[in-house]
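S.K.: Handing you a structure now.
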Amino acid sequence: MFQQANLSLVEALQAADVRATSISSGVFETNRSTQKLGLVGRVVAINQAPVDAALKVGSIPVIASLGETVGGQILNVNADWAANELVRALQPCQDHLSPAPAGCSTAMAA
């Protein structure tokens, strides 16, 4: 379901002449939640390589909120928490990005 939604979003973006890349796995390393929630995990590490590869060629990465455990188990992750961890890892408001992304002030980049 997540992969199909991801691909549908990428296709819609591409139909609007927006360069987009589907990334359905390989970004979020997770641990399985200790609560009885089924196949749900929390993000413990970020692999930036797939995101960096998409950005390097000028493509918008469309990332599914799925993670993998070290053992390869696919887990659903809270998309808000996953996005927060991704932003913390990418640090998009750092001064090494020129120009700074929209929403980043000069004070944030310092």
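Following the order of the structure tokens, first chain is A, next is B, and so on, with residues numbered from 1 inside each chain and ligands from 1 in the order they appear.
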With a distance cut-off of 12 Å and only C-alpha atoms, select the neighbouring residues of Ser25 (chain A), excluding the residue or stretch itself and same-chain residues fewer than 2 positions from it, and output the selection as a compact mmCIF listing (two decimals) with C-alpha atoms, in the first residue's frame.
M.R.:
# COMPACT_ATOMS: atom_id res chain seq x y z
CA PHE A 2 2.75 2.50 0.97
CA GLN A 3 4.82 1.70 -2.10
CA ASN A 6 4.55 6.56 -3.15
CA SER A 22 10.47 7.27 -5.48
CA ILE A 23 12.39 6.07 -2.44
CA VAL A 27 16.46 5.57 4.38
CA PHE A 28 15.15 4.75 7.86
CA GLU A 29 16.80 2.18 10.12
CA THR A 30 14.31 1.23 12.81
CA ILE A 46 19.18 7.68 8.80
CA ASN A 47 20.88 6.55 5.59
CA GLN A 48 21.20 9.76 3.58
CA ALA A 49 22.65 8.17 0.44
CA PRO A 50 19.34 7.61 -1.44
CA VAL A 51 18.15 11.14 -0.60
CA PRO A 61 12.91 12.56 -3.18
CA VAL A 62 9.47 11.13 -2.33
CA ILE A 63 10.17 8.95 0.69
CA ALA A 64 7.84 6.26 2.02
CA SER A 65 7.42 6.15 5.80
CA LEU A 66 8.80 2.63 6.01
CA GLY A 67 11.91 1.55 7.84
CA GLU A 68 13.95 -1.60 8.15
CA THR A 69 15.46 -3.26 11.18
CA GLY A 72 15.66 -6.70 7.39
CA GLN A 73 12.14 -6.55 8.89
CA ILE A 74 10.06 -3.81 7.20
CA LEU A 75 8.24 -1.63 9.72
CA ASN A 76 5.78 1.23 9.47
CA VAL A 77 7.09 4.42 11.04
S.K.: Hey, what's within 12 Å of Leu37 (chain A) if we count only C-alpha atoms and toss same-chain stuff fewer than 2 positions away? As number ranges by chain, please?
M.R.: A: 32-35, 39-42, 75-78
S.K.: Taking the DSSP assignment computed from this structure's backbone, write out as a ChimeraX atom specification all residues of region 16-101 of chain A that belong to strand (DSSP E).
M.R.: /A:20-23,28-32,40-46,60-63,66-68,74-77
S.K.: Filtering to C-alpha atoms, could you give me those residues as a PDB file, in the first residue's frame?
M.R.:
ATOM      1  CA  ALA A  20      10.730  13.275  -8.612  1.00  0.00           C
ATOM      2  CA  THR A  21      12.257  10.016  -7.415  1.00  0.00           C
ATOM      3  CA  SER A  22      10.472   7.269  -5.483  1.00  0.00           C
ATOM      4  CA  ILE A  23      12.395   6.072  -2.437  1.00  0.00           C
ATOM      5  CA  PHE A  28      15.153   4.749   7.856  1.00  0.00           C
ATOM      6  CA  GLU A  29      16.798   2.184  10.123  1.00  0.00           C
ATOM      7  CA  THR A  30      14.312   1.231  12.809  1.00  0.00           C
ATOM      8  CA  ASN A  31      13.821  -0.742  15.968  1.00  0.00           C
ATOM      9  CA  ARG A  32      10.516  -2.476  16.508  1.00  0.00           C
ATOM     10  CA  VAL A  40       5.583  -0.487  13.885  1.00  0.00           C
ATOM     11  CA  GLY A  41       9.012   0.904  14.620  1.00  0.00           C
ATOM     12  CA  ARG A  42      10.886   4.002  15.625  1.00  0.00           C
ATOM     13  CA  VAL A  43      13.696   5.557  13.619  1.00  0.00           C
ATOM     14  CA  VAL A  44      17.136   4.984  15.129  1.00  0.00           C
ATOM     15  CA  ALA A  45      19.363   5.972  12.179  1.00  0.00           C
ATOM     16  CA  ILE A  46      19.184   7.675   8.797  1.00  0.00           C
ATOM     17  CA  ILE A  60      12.620  15.673  -5.362  1.00  0.00           C
ATOM     18  CA  PRO A  61      12.906  12.560  -3.180  1.00  0.00           C
ATOM     19  CA  VAL A  62       9.471  11.131  -2.331  1.00  0.00           C
ATOM     20  CA  ILE A  63      10.174   8.951   0.689  1.00  0.00           C
ATOM     21  CA  LEU A  66       8.795   2.633   6.013  1.00  0.00           C
ATOM     22  CA  GLY A  67      11.909   1.554   7.841  1.00  0.00           C
ATOM     23  CA  GLU A  68      13.955  -1.598   8.154  1.00  0.00           C
ATOM     24  CA  ILE A  74      10.059  -3.812   7.196  1.00  0.00           C
ATOM     25  CA  LEU A  75       8.241  -1.628   9.722  1.00  0.00           C
ATOM     26  CA  ASN A  76       5.775   1.228   9.470  1.00  0.00           C
ATOM     27  CA  VAL A  77       7.094   4.419  11.043  1.00  0.00           C
TER      28      VAL A  77
END
S.K.: What are the DSSP helix (DSSP H, G or I) residues of chain A, as number ranges by chain?
M.R.: A: 2-15, 49-56, 79-90, 106-109
S.K.: Would you work out the distance separating CA of Val18 (chain A) from CA of Gly58 (chain A), expressed in Å to one decimal?
M.R.: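 If I compute the distance from CA of Val18 (chain A) to CA of Gly58 (chain A), I get 9.9 Å.
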S.K.: Enter the distance from CA of Leu86 (chain A) to CA of Leu9 (chain A), in Å, rounded to one decimal.
M.R.: 19.4 Å
S.K.: Just give me the gap between CA of Leu7 (chain A) and CA of Arg19 (chain A) in Å, one decimal is fine.
M.R.: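 For CA of Leu7 (chain A) relative to CA of Arg19 (chain A), the distance reads 13.0 Å.
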